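Raw contents of upload-v7.cif, mmCIF, C-alpha atoms:
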```
data_final
#
loop_
_atom_site.label_atom_id
_atom_site.label_comp_id
_atom_site.auth_asym_id
_atom_site.auth_seq_id
_atom_site.Cartn_x
_atom_site.Cartn_y
_atom_site.Cartn_z
CA MET A 115 48.36 108.60 38.22
CA PRO A 116 48.36 112.30 39.31
CA GLY A 117 44.80 111.82 40.63
CA ILE A 118 46.05 109.17 43.04
CA VAL A 119 48.66 111.49 44.53
CA SER A 120 46.25 114.44 44.73
CA ALA A 121 43.66 112.27 46.52
CA MET A 122 46.26 111.18 49.07
CA ILE A 123 47.28 114.82 49.50
CA GLU A 124 43.72 115.62 50.59
CA THR A 125 43.93 112.73 53.07
CA ALA A 126 47.30 113.98 54.34
CA ARG A 127 45.68 117.39 54.98
CA LEU A 128 42.87 115.63 56.83
CA ALA A 129 45.47 113.78 58.92
CA GLY A 130 47.21 117.05 59.74
CA PHE A 131 43.98 118.72 60.81
CA PHE A 132 42.94 115.92 63.16
CA THR A 133 46.47 115.37 64.49
CA ALA A 134 46.58 119.05 65.43
CA HIS A 135 43.21 118.61 67.13
CA GLY A 136 44.70 115.70 69.09
CA ILE A 137 47.70 117.79 70.14
CA TRP A 138 45.35 120.51 71.34
CA CYS A 139 43.49 117.91 73.44
CA VAL A 140 46.61 116.46 75.12
CA SER A 141 48.21 119.86 75.71
CA GLU A 142 46.22 120.24 78.93
CA GLY A 143 47.31 116.87 80.29
CA GLU A 144 44.39 114.71 79.22
CA THR A 145 44.70 111.32 77.52
CA LEU A 146 43.25 111.66 74.04
CA VAL A 147 40.06 109.70 73.48
CA PRO A 148 40.78 107.92 70.18
CA LEU A 149 39.16 109.77 67.33
CA ILE A 150 38.39 109.02 63.74
CA GLY A 151 38.12 111.95 61.36
CA TYR A 152 36.84 111.62 57.83
CA LEU A 153 36.45 113.55 54.61
CA HIS A 154 33.23 113.42 52.58
CA ALA A 155 33.03 113.95 48.82
CA ASP A 156 31.58 117.45 49.38
CA GLY A 157 34.78 118.45 51.23
CA GLU A 158 33.17 118.43 54.68
CA TYR A 159 35.00 116.90 57.64
CA GLY A 160 33.35 114.74 60.27
CA MET A 161 34.67 113.24 63.49
CA ASP A 162 33.70 110.51 65.93
CA ARG A 163 35.26 109.98 69.36
CA LEU A 164 35.68 106.33 70.25
CA MET A 165 34.76 106.28 73.94
CA TYR A 166 35.11 102.80 75.40
CA ASP A 167 35.73 101.59 78.96
CA ASP A 168 38.97 100.05 77.72
CA TYR A 169 41.26 102.42 75.77
CA ALA A 170 42.67 99.59 73.63
CA GLU A 171 39.13 98.57 72.66
CA GLY A 172 38.49 102.10 71.39
CA VAL A 173 41.68 102.00 69.33
CA ARG A 174 40.71 98.59 67.87
CA ALA A 175 37.26 99.94 66.99
CA GLY A 176 38.96 102.83 65.20
CA GLN A 177 41.30 100.49 63.34
CA ASP A 178 38.31 98.39 62.25
CA ALA A 179 36.41 101.49 61.10
CA LEU A 180 39.47 102.68 59.20
CA ALA A 181 39.94 99.26 57.55
CA ASP A 182 36.26 98.94 56.60
CA GLY A 183 35.78 102.55 55.59
CA ASP A 184 32.39 104.03 54.90
CA PRO A 185 30.91 104.53 51.42
CA SER A 186 30.62 108.27 52.09
CA TRP A 187 34.30 108.69 53.05
CA ILE A 188 36.97 109.83 50.61
CA GLY A 189 39.62 109.51 53.32
CA ALA A 190 39.80 108.91 57.05
CA VAL A 191 42.31 109.19 59.88
CA LEU A 192 42.61 107.51 63.26
CA VAL A 193 44.42 109.47 65.97
CA ALA A 194 45.20 107.72 69.25
CA ASP A 195 47.39 108.35 72.26
CA GLY A 196 50.32 105.95 72.56
CA TYR A 197 54.09 105.67 72.64
CA VAL A 198 57.03 105.49 70.24
CA HIS A 199 60.52 104.27 70.98
CA LEU A 200 63.08 106.94 70.11
CA ASP A 201 66.77 107.35 70.93
CA GLN A 202 65.64 109.00 74.18
CA GLY A 203 63.55 105.92 75.05
CA LYS A 204 59.82 105.36 75.30
CA THR A 205 58.10 108.64 74.44
CA ASP A 206 54.43 109.70 74.55
CA ALA A 207 53.08 110.23 71.05
CA LEU A 208 49.95 110.58 69.02
CA ILE A 209 49.82 107.60 66.67
CA VAL A 210 48.22 108.50 63.36
CA GLU A 211 47.02 106.29 60.54
CA ALA A 212 45.35 107.79 57.49
CA VAL A 213 43.66 105.99 54.59
CA GLN A 214 42.61 107.32 51.22
CA TYR A 215 39.76 105.16 49.87
CA GLY A 216 38.80 104.50 46.30
CA PRO A 217 40.04 102.16 43.60
CA TYR A 218 43.67 102.71 44.70
CA ARG A 219 43.58 102.60 48.48
CA GLN A 220 46.66 104.24 50.00
CA SER A 221 47.71 104.86 53.56
CA MET A 222 50.25 106.71 55.64
CA GLN A 223 51.34 106.29 59.24
CA LEU A 224 53.13 108.68 61.53
CA ALA A 225 53.69 109.48 65.16
CA VAL A 226 53.89 112.90 66.75
CA PRO A 227 55.93 112.61 69.95
CA TYR A 228 55.12 115.00 72.75
CA ARG A 229 56.16 115.79 76.30
CA THR A 230 53.22 115.59 78.69
CA ALA A 231 51.84 118.65 80.45
CA ASP A 232 52.77 117.22 83.86
CA ASP A 233 56.45 116.93 82.92
CA PRO A 234 58.62 119.36 84.96
CA CYS A 235 59.68 120.99 81.67
CA GLY A 236 56.05 121.40 80.59
CA PHE A 237 54.15 120.35 77.50
CA ALA A 238 56.02 120.17 74.18
CA VAL A 239 55.28 118.94 70.66
CA HIS A 240 58.12 117.27 68.78
CA LYS A 241 58.74 116.67 65.08
CA PRO A 242 56.41 114.14 63.42
CA LYS A 243 57.99 110.79 62.65
CA PHE A 244 56.69 109.51 59.32
CA MET A 245 56.70 105.73 59.11
CA ASN A 246 56.75 103.52 56.02
CA ALA A 247 57.83 106.42 53.83
CA ASP A 248 60.80 107.12 51.61
CA CYS A 249 61.93 110.60 52.64
CA ASP A 250 63.66 111.22 49.29
CA ASP A 251 60.53 110.50 47.30
CA PRO A 252 59.01 113.72 45.83
CA GLU A 253 55.54 112.30 46.55
CA PHE A 254 56.52 111.96 50.22
CA ASP A 255 57.56 115.62 50.25
CA ALA A 256 54.16 116.59 48.85
CA LEU A 257 52.35 114.47 51.45
CA ALA A 258 54.44 115.86 54.32
CA GLU A 259 53.75 119.41 53.12
CA ALA A 260 50.02 118.64 52.87
CA PHE A 261 50.08 117.23 56.41
CA PHE A 262 51.54 120.49 57.73
CA VAL A 263 49.02 122.54 55.72
CA GLY A 264 46.36 120.50 57.50
CA THR A 265 47.83 121.26 60.92
CA THR A 266 47.74 125.00 60.23
CA SER A 267 44.12 124.82 59.04
CA HIS A 268 43.02 124.01 62.62
CA THR A 269 43.63 127.54 63.91
CA GLU A 270 43.26 127.03 67.67
CA ALA A 271 45.20 123.76 67.66
CA HIS A 272 47.95 125.17 65.46
CA GLU A 273 48.50 128.02 67.93
CA VAL A 274 49.07 125.44 70.70
CA TRP A 275 51.35 123.38 68.42
CA GLU A 276 53.48 126.39 67.49
CA ALA A 277 53.65 127.74 71.05
CA HIS A 278 54.96 124.40 72.35
CA LEU A 279 57.10 123.23 69.42
CA ASP A 280 60.39 121.61 70.43
CA GLU A 281 62.17 120.26 67.36
CA SER A 282 65.07 118.83 69.37
CA VAL A 283 63.42 115.38 69.38
#
```
Starting from the file, give its structure as C-alpha cells.
Amino acid sequence: MPGIVSAMIETARLAGFFTAHGIWCVSEGETLVPLIGYLHADGEYGMDRLMYDDYAEGVRAGQDALADGDPSWIGAVLVADGYVHLDQGKTDALIVEAVQYGPYRQSMQLAVPYRTADDPCGFAVHKPKFMNADCDDPEFDALAEAFFVGTTSHTEAHEVWEAHLDESV
C-alpha cells in the first residue's frame, strides 16, 4: 500500500501548486476563473481555465472533468472561488478538490479562506481547512506536508501567500 500513499502525495503537491496559483490570482481582487490542473505520467503539469458565462457552469464542468478524469492524468485538481462557513461567518475561500487516479482512486478536499483585496484591512490568506480528513492520521500529516511543499514550488504565488499570511482564522 505505500504506492497508494505516495501517489496521493504527488496529487497533494499538485493541489498545493494550483491552490497557490489561485491565491496569486485573487490577491489583486479578481474572482478566480475555475481552473483544473493535472499531472501527467512524465511529471509535467497542465492547466485549463474553465471560462463560462455562468460561474457555476464552469465549476460544474470542472467537477465533471475531475470525476471523468483523462487517461493521461495521474492526478488532477479543481480550484474554484467560493465560500466557507467559519466561526466568523461566511468567508471567501478557494475550494479545492484533488483526485489521484488509478486502480485506487483517492481524493482530498480543502478550502483556503482569504480576505478579499477590497477589504479595508487588505488581502490576507488564512490557514487551509482540510475536509474529510482525520488530522491525527500519519497519512494525513504526509498529505498536508506535501500540499505545502506544492504551494512553495510555485515561487511567485508562494511569495504572495507568505506576504499576506494571517493564521488567525
Give me the residues within 10 Å of range 121-131 of chain A as number ranges by chain, counting all atoms listed in the file and dropping any in the same chain fewer than 5 places off.
-> A: 116, 136, 150-153, 157, 159, 188-193, 210-216, 218-224, 253-254, 256-269, 271-272
Dump of C-alpha atoms for the selected residues, as a short mmCIF file (atom, residue, chain, number, x, y, z; two decimals), in the coordinates of the input:
```cif
data_model
loop_
_atom_site.label_atom_id
_atom_site.label_comp_id
_atom_site.auth_asym_id
_atom_site.auth_seq_id
_atom_site.Cartn_x
_atom_site.Cartn_y
_atom_site.Cartn_z
CA PRO A 116 48.36 112.30 39.31
CA GLY A 136 44.70 115.70 69.09
CA ILE A 150 38.39 109.02 63.74
CA GLY A 151 38.12 111.95 61.36
CA TYR A 152 36.84 111.62 57.83
CA LEU A 153 36.45 113.55 54.61
CA GLY A 157 34.78 118.45 51.23
CA TYR A 159 35.00 116.90 57.64
CA ILE A 188 36.97 109.83 50.61
CA GLY A 189 39.62 109.51 53.32
CA ALA A 190 39.80 108.91 57.05
CA VAL A 191 42.31 109.19 59.88
CA LEU A 192 42.61 107.51 63.26
CA VAL A 193 44.42 109.47 65.97
CA VAL A 210 48.22 108.50 63.36
CA GLU A 211 47.02 106.29 60.54
CA ALA A 212 45.35 107.79 57.49
CA VAL A 213 43.66 105.99 54.59
CA GLN A 214 42.61 107.32 51.22
CA TYR A 215 39.76 105.16 49.87
CA GLY A 216 38.80 104.50 46.30
CA TYR A 218 43.67 102.71 44.70
CA ARG A 219 43.58 102.60 48.48
CA GLN A 220 46.66 104.24 50.00
CA SER A 221 47.71 104.86 53.56
CA MET A 222 50.25 106.71 55.64
CA GLN A 223 51.34 106.29 59.24
CA LEU A 224 53.13 108.68 61.53
CA GLU A 253 55.54 112.30 46.55
CA PHE A 254 56.52 111.96 50.22
CA ALA A 256 54.16 116.59 48.85
CA LEU A 257 52.35 114.47 51.45
CA ALA A 258 54.44 115.86 54.32
CA GLU A 259 53.75 119.41 53.12
CA ALA A 260 50.02 118.64 52.87
CA PHE A 261 50.08 117.23 56.41
CA PHE A 262 51.54 120.49 57.73
CA VAL A 263 49.02 122.54 55.72
CA GLY A 264 46.36 120.50 57.50
CA THR A 265 47.83 121.26 60.92
CA THR A 266 47.74 125.00 60.23
CA SER A 267 44.12 124.82 59.04
CA HIS A 268 43.02 124.01 62.62
CA THR A 269 43.63 127.54 63.91
CA ALA A 271 45.20 123.76 67.66
CA HIS A 272 47.95 125.17 65.46
#
```
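Across the structure, CA of Glu144 in chain A and CA of Leu208 in chain A are spaced 12.3 Å apart.
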What is the distance between CA of Ala277 in chain A and CA of Tyr169 in chain A, in Å to one decimal?
->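 Interatomic distance, CA of Ala277 in chain A to CA of Tyr169 in chain A: 28.6 Å.
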Could you spell out the hits of the PyMOL selection byres ((chain A and resi 176-181) around 7) on the shown file, as a PyMOL selection string?
-> chain A and resi 150+164+172-175+182-183+190+192
Could you take the residues named above and write them with C-alpha atoms, as a JSON list (two decimals), in the frame of the given file?
```
[["chain", "number", "residue", "atom", "x", "y", "z"],
["A", 150, "ILE", "CA", 38.39, 109.02, 63.74],
["A", 164, "LEU", "CA", 35.68, 106.33, 70.25],
["A", 172, "GLY", "CA", 38.49, 102.10, 71.39],
["A", 173, "VAL", "CA", 41.68, 102.00, 69.33],
["A", 174, "ARG", "CA", 40.71, 98.59, 67.87],
["A", 175, "ALA", "CA", 37.26, 99.94, 66.99],
["A", 182, "ASP", "CA", 36.26, 98.94, 56.60],
["A", 183, "GLY", "CA", 35.78, 102.55, 55.59],
["A", 190, "ALA", "CA", 39.80, 108.91, 57.05],
["A", 192, "LEU", "CA", 42.61, 107.51, 63.26]]
```
Return the single residue from A:Thr145, A:Pro217, A:Asp167, A:Glu273 that is closest to Tyr197 in chain A, with distances computed using only C-alpha atoms.
->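 The shortest atom-to-atom distance to Tyr197 in chain A comes from A:Thr145.
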For CA of Asp201 in chain A and CA of Phe237 in chain A, determine how far apart the two atoms are, in Å to one decimal place.
->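 Here the two named atoms are 19.3 Å from each other.
In this comparison, which uses only C-alpha atoms, the residue of A:Asp195, A:Glu281, A:Asp168, A:Asp233 approaching Pro148 in chain A most closely is A:Asp195.
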Around all the atoms of range 167-170 of chain A listed in the file, draw an axis-aligned box and extend it by 4 Å on each of the six sides; I want its centre and edge lengths in Å to one decimal, as AutoDock Vina command-line options.
```
--center_x 39.2 --center_y 101.0 --center_z 76.3 --size_x 14.9 --size_y 10.8 --size_z 13.3
```
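If you measure from each of A:Asp232, A:Trp187, A:Ile137, A:His240 to Thr205 in chain A using all atoms listed in the file, the closest one turns out to be A:His240.
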Residue rebuild result range 150-163 of chain A, N, CA, C and O atoms as an mmCIF file, in the coordinates of the input:
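Contents of rebuild-v1.cif, as written:
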```
data_model
loop_
_atom_site.group_PDB
_atom_site.id
_atom_site.type_symbol
_atom_site.label_atom_id
_atom_site.label_comp_id
_atom_site.auth_asym_id
_atom_site.auth_seq_id
_atom_site.Cartn_x
_atom_site.Cartn_y
_atom_site.Cartn_z
ATOM 1 N N ILE A 150 38.304 109.286 65.165
ATOM 2 C CA ILE A 150 38.390 109.020 63.740
ATOM 3 C C ILE A 150 37.776 110.223 63.039
ATOM 4 O O ILE A 150 36.670 110.658 63.354
ATOM 5 N N GLY A 151 38.570 110.820 62.157
ATOM 6 C CA GLY A 151 38.120 111.950 61.360
ATOM 7 C C GLY A 151 37.987 111.487 59.927
ATOM 8 O O GLY A 151 38.725 110.602 59.488
ATOM 9 N N TYR A 152 37.064 112.068 59.205
ATOM 10 C CA TYR A 152 36.840 111.620 57.830
ATOM 11 C C TYR A 152 36.471 112.783 56.933
ATOM 12 O O TYR A 152 35.983 113.820 57.382
ATOM 13 N N LEU A 153 36.715 112.573 55.660
ATOM 14 C CA LEU A 153 36.450 113.550 54.610
ATOM 15 C C LEU A 153 35.372 113.003 53.703
ATOM 16 O O LEU A 153 35.495 111.885 53.191
ATOM 17 N N HIS A 154 34.309 113.792 53.508
ATOM 18 C CA HIS A 154 33.230 113.420 52.580
ATOM 19 C C HIS A 154 33.513 114.008 51.197
ATOM 20 O O HIS A 154 34.326 114.938 51.066
ATOM 21 N N ALA A 155 32.835 113.501 50.196
ATOM 22 C CA ALA A 155 33.030 113.950 48.820
ATOM 23 C C ALA A 155 32.760 115.447 48.652
ATOM 24 O O ALA A 155 33.362 116.093 47.787
ATOM 25 N N ASP A 156 31.891 116.019 49.489
ATOM 26 C CA ASP A 156 31.580 117.450 49.380
ATOM 27 C C ASP A 156 32.631 118.329 50.066
ATOM 28 O O ASP A 156 32.488 119.537 50.141
ATOM 29 N N GLY A 157 33.708 117.691 50.590
ATOM 30 C CA GLY A 157 34.780 118.450 51.230
ATOM 31 C C GLY A 157 34.580 118.673 52.716
ATOM 32 O O GLY A 157 35.450 119.238 53.379
ATOM 33 N N GLU A 158 33.452 118.244 53.260
ATOM 34 C CA GLU A 158 33.170 118.430 54.680
ATOM 35 C C GLU A 158 33.880 117.371 55.517
ATOM 36 O O GLU A 158 33.971 116.212 55.123
ATOM 37 N N TYR A 159 34.382 117.804 56.682
ATOM 38 C CA TYR A 159 35.000 116.900 57.640
ATOM 39 C C TYR A 159 33.958 116.449 58.656
ATOM 40 O O TYR A 159 33.040 117.193 58.989
ATOM 41 N N GLY A 160 34.152 115.253 59.172
ATOM 42 C CA GLY A 160 33.350 114.740 60.270
ATOM 43 C C GLY A 160 34.291 114.072 61.261
ATOM 44 O O GLY A 160 35.426 113.737 60.914
ATOM 45 N N MET A 161 33.820 113.860 62.484
ATOM 46 C CA MET A 161 34.670 113.240 63.490
ATOM 47 C C MET A 161 33.813 112.460 64.477
ATOM 48 O O MET A 161 32.723 112.899 64.846
ATOM 49 N N ASP A 162 34.327 111.301 64.881
ATOM 50 C CA ASP A 162 33.700 110.510 65.930
ATOM 51 C C ASP A 162 34.760 110.219 66.985
ATOM 52 O O ASP A 162 35.890 109.859 66.655
ATOM 53 N N ARG A 163 34.383 110.385 68.243
ATOM 54 C CA ARG A 163 35.260 109.980 69.360
ATOM 55 C C ARG A 163 34.888 108.553 69.719
ATOM 56 O O ARG A 163 33.717 108.201 69.742
#
```
